[in-house]
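Input: a single structure, listed below in structure tokens.
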Amino acid sequence: MLDWLRQQLLFNPRIPTPLGWGVCQDMLGSLLGAYGLGVLLAAKFGSNIHNQIQIAKVIFINPALWSFGFGLLLHQVALPSTVVFCLEKLAWGAVALSLMLIGMRLSQLKSWRKLPQAASSILIKMLIVPLVLGSILSLFGVTGNAAQVIVLQMGMPPALATLVIAETFNLDRDLAVTALAMGIIVLLFTLPVWLWLF
């Protein structure tokens with residue numbers, strides 16, 4: 001299935017190849033990472049769910065997994081322009097609501113006591129991982145635009161899904177929003193470096 005998805009994205013004449021690499025990595029990272037493993041760990045450690053059946057239910061009812069499945073099944077179906085328009089507006093509305101959630105949580109921060117924890121996670125995620133990965137990609141034959149896209153994806157700040165999952169499963173919201181804000185600020189400095197190095 002992953003090969004089929006990669007073929008659809010990377011060799012689709014309507015999608016430029018570097019964009020296909022980025023979309024493929026972002027979709028699989030978000031789907032399997034944040035909405036798969038992330039939801040599983042959040043359900044296990046963040047809320048009062050301790051039963052394996054309840055954890056499986058949380059994963060099974062996850063809308064991101066359902067939408068990915070429907071997208072794969074219906075990718076050849078041409079939707080009416082009205083439906084596409086409504087879905088686009090709904091998607092942008094979800095992004096706007098996520099940004100409002102970040103703003104509300106930032107305004108509720110009473111101190112920056114989570115800054116050291118956030119700084120250590122940002123250091124690993126946005127500096128160490130992209131540097132190590134970018135250094136070894138050529139050993140696997142990945143160079144050029146593909147390598148640059150992978151390094152840039154690895155060097156992105158924590159996703160908005162981080163705060164949404166923290167809210168949903170009653171995790172440390174202050175840490176999540178501090179890491180998001182710090183990651184966005186750090187990105188302003190690291191993005192040119194990754195573009196220059198790789």
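Just so we're on the same page: first chain in the structure tokens is A, next is B, and so on; residues restart at 1 for each chain, and ligands are numbered from 1 in the order they show up.
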
| said: Could you go through chain A and tell me which residues DSSP, when run on the backbone, assigns to helix (DSSP H, G or I), listing them as a VMD selection string? | reply: chain A and resid 2 to 10 17 to 46 52 to 60 63 to 73 81 to 108 115 to 140 144 to 154 160 to 168 173 to 197

| query | Can you tell me, as a VMD selection string, what residues are no more than 10 Å from segment 164-179 of chain A when counting only C-alpha atoms, ignoring any on the same chain fewer than 6 positions away? | reply | chain A and resid 34 to 35 38 to 39 41 to 49 98 101 to 106 108 to 122 157 to 158 185

Writer output for current selection, N, CA and C atoms, as a short mmCIF file (atom, residue, chain, number, x, y, z; two decimals), in the first residue's frame:
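Once everything was written out, this is selection.cif:
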data_model
loop_
_atom_site.label_atom_id
_atom_site.label_comp_id
_atom_site.auth_asym_id
_atom_site.auth_seq_id
_atom_site.Cartn_x
_atom_site.Cartn_y
_atom_site.Cartn_z
N ALA A 34 1.52 11.05 14.37
CA ALA A 34 0.66 11.83 15.26
C ALA A 34 -0.69 11.14 15.51
N TYR A 35 -1.36 10.75 14.44
CA TYR A 35 -2.71 10.23 14.60
C TYR A 35 -2.76 8.72 14.82
N GLY A 38 0.83 8.54 18.14
CA GLY A 38 0.57 9.64 19.09
C GLY A 38 -0.74 9.47 19.84
N VAL A 39 -1.79 9.13 19.12
CA VAL A 39 -3.09 8.92 19.77
C VAL A 39 -3.05 7.69 20.67
N LEU A 41 -0.41 6.46 22.32
CA LEU A 41 0.31 6.82 23.55
C LEU A 41 -0.48 7.80 24.41
N ALA A 42 -1.13 8.77 23.76
CA ALA A 42 -1.93 9.74 24.52
C ALA A 42 -3.09 9.07 25.22
N ALA A 43 -3.73 8.13 24.55
CA ALA A 43 -4.85 7.41 25.17
C ALA A 43 -4.37 6.57 26.34
N LYS A 44 -3.21 5.97 26.20
CA LYS A 44 -2.70 5.09 27.25
C LYS A 44 -2.23 5.88 28.47
N PHE A 45 -1.58 7.02 28.27
CA PHE A 45 -0.97 7.74 29.38
C PHE A 45 -1.72 9.01 29.80
N GLY A 46 -2.61 9.51 28.94
CA GLY A 46 -3.19 10.81 29.23
C GLY A 46 -4.56 10.82 29.84
N SER A 47 -5.34 9.83 29.60
CA SER A 47 -6.71 9.85 30.11
C SER A 47 -6.94 8.62 30.98
N ASN A 48 -8.15 8.40 31.33
CA ASN A 48 -8.47 7.29 32.22
C ASN A 48 -8.73 6.00 31.44
N ILE A 49 -8.14 5.87 30.29
CA ILE A 49 -8.31 4.66 29.49
C ILE A 49 -7.17 3.71 29.82
N SER A 98 -7.65 25.53 15.00
CA SER A 98 -6.42 25.07 15.66
C SER A 98 -5.52 26.25 16.03
N LEU A 101 -6.95 27.93 19.00
CA LEU A 101 -6.65 27.14 20.20
C LEU A 101 -5.24 27.43 20.70
N ILE A 102 -4.28 27.52 19.78
CA ILE A 102 -2.91 27.86 20.18
C ILE A 102 -2.88 29.23 20.83
N GLY A 103 -3.55 30.19 20.21
CA GLY A 103 -3.59 31.54 20.78
C GLY A 103 -4.23 31.58 22.15
N MET A 104 -5.32 30.85 22.31
CA MET A 104 -5.99 30.83 23.62
C MET A 104 -5.09 30.20 24.67
N ARG A 105 -4.42 29.11 24.31
CA ARG A 105 -3.53 28.44 25.27
C ARG A 105 -2.30 29.30 25.59
N LEU A 106 -1.78 30.01 24.61
CA LEU A 106 -0.65 30.91 24.88
C LEU A 106 -1.06 32.03 25.83
N GLN A 108 -3.17 31.81 28.14
CA GLN A 108 -3.41 31.26 29.47
C GLN A 108 -2.13 30.82 30.18
N LEU A 109 -0.99 30.88 29.48
CA LEU A 109 0.27 30.52 30.14
C LEU A 109 0.56 31.53 31.25
N LYS A 110 0.78 31.04 32.43
CA LYS A 110 1.07 31.91 33.56
C LYS A 110 2.57 32.07 33.79
N SER A 111 3.35 31.11 33.30
CA SER A 111 4.80 31.20 33.45
C SER A 111 5.45 30.42 32.31
N TRP A 112 6.75 30.59 32.20
CA TRP A 112 7.51 29.88 31.20
C TRP A 112 8.28 28.72 31.83
N ARG A 113 7.70 28.10 32.85
CA ARG A 113 8.40 27.04 33.56
C ARG A 113 8.58 25.79 32.72
N LYS A 114 7.83 25.63 31.65
CA LYS A 114 7.97 24.48 30.76
C LYS A 114 9.01 24.72 29.66
N LEU A 115 9.63 25.89 29.69
CA LEU A 115 10.60 26.25 28.65
C LEU A 115 11.78 25.28 28.57
N PRO A 116 12.41 24.85 29.68
CA PRO A 116 13.53 23.91 29.55
C PRO A 116 13.12 22.57 28.92
N GLN A 117 11.96 22.04 29.30
CA GLN A 117 11.50 20.79 28.70
C GLN A 117 11.22 20.98 27.21
N ALA A 118 10.56 22.08 26.87
CA ALA A 118 10.26 22.35 25.47
C ALA A 118 11.55 22.56 24.68
N ALA A 119 12.52 23.25 25.28
CA ALA A 119 13.78 23.51 24.59
C ALA A 119 14.52 22.21 24.27
N SER A 120 14.51 21.28 25.19
CA SER A 120 15.21 20.01 24.92
C SER A 120 14.52 19.23 23.81
N SER A 121 13.20 19.22 23.79
CA SER A 121 12.51 18.50 22.71
C SER A 121 12.69 19.19 21.37
N ILE A 122 12.69 20.52 21.37
CA ILE A 122 12.90 21.27 20.13
C ILE A 122 14.33 21.08 19.62
N PRO A 157 8.61 22.55 12.96
CA PRO A 157 8.21 22.58 14.37
C PRO A 157 7.14 21.54 14.66
N PRO A 158 6.85 21.31 15.94
CA PRO A 158 5.78 20.36 16.27
C PRO A 158 4.48 20.75 15.58
N ILE A 185 9.26 29.85 16.40
CA ILE A 185 10.31 30.87 16.48
C ILE A 185 11.65 30.30 15.99
#

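From atom CA of Ile150 of chain A back to atom CA of Asp26 of chain A, the distance works out to 9.3 Å.
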
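The gap separating atom CA of Lys57 of chain A from atom CA of Leu160 of chain A is 23.0 Å, in Å to one decimal.
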
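Atom CA of Met126 of chain A to atom CA of Trp66 of chain A spans 29.5 Å [interatomic distance, one decimal].
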
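Here the question is which of A:Val151, A:Leu31, A:Leu133, A:Ala146 gets nearest to Ala64 of chain A using only C-alpha atoms, and that residue is A:Leu31.
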
| Residues at most 9 Å from Leu195 of chain A, counting only C-alpha atoms, excluding those fewer than 5 positions away in the same chain, as a PyMOL selection string? | chain A and resi 148+151-152+190

| query | Counting only C-alpha atoms, what is within 12 Å of Phe68 of chain A, bar same-chain residues fewer than 6 positions away, as a PyMOL selection string? | reply | chain A and resi 5+27-28+30-32+35-36+62+74-75

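Proximity of A:Val95, A:Leu65, A:Ile184, A:Ala147 to Leu37 of chain A, computed with only C-alpha atoms, is greatest for A:Leu65.
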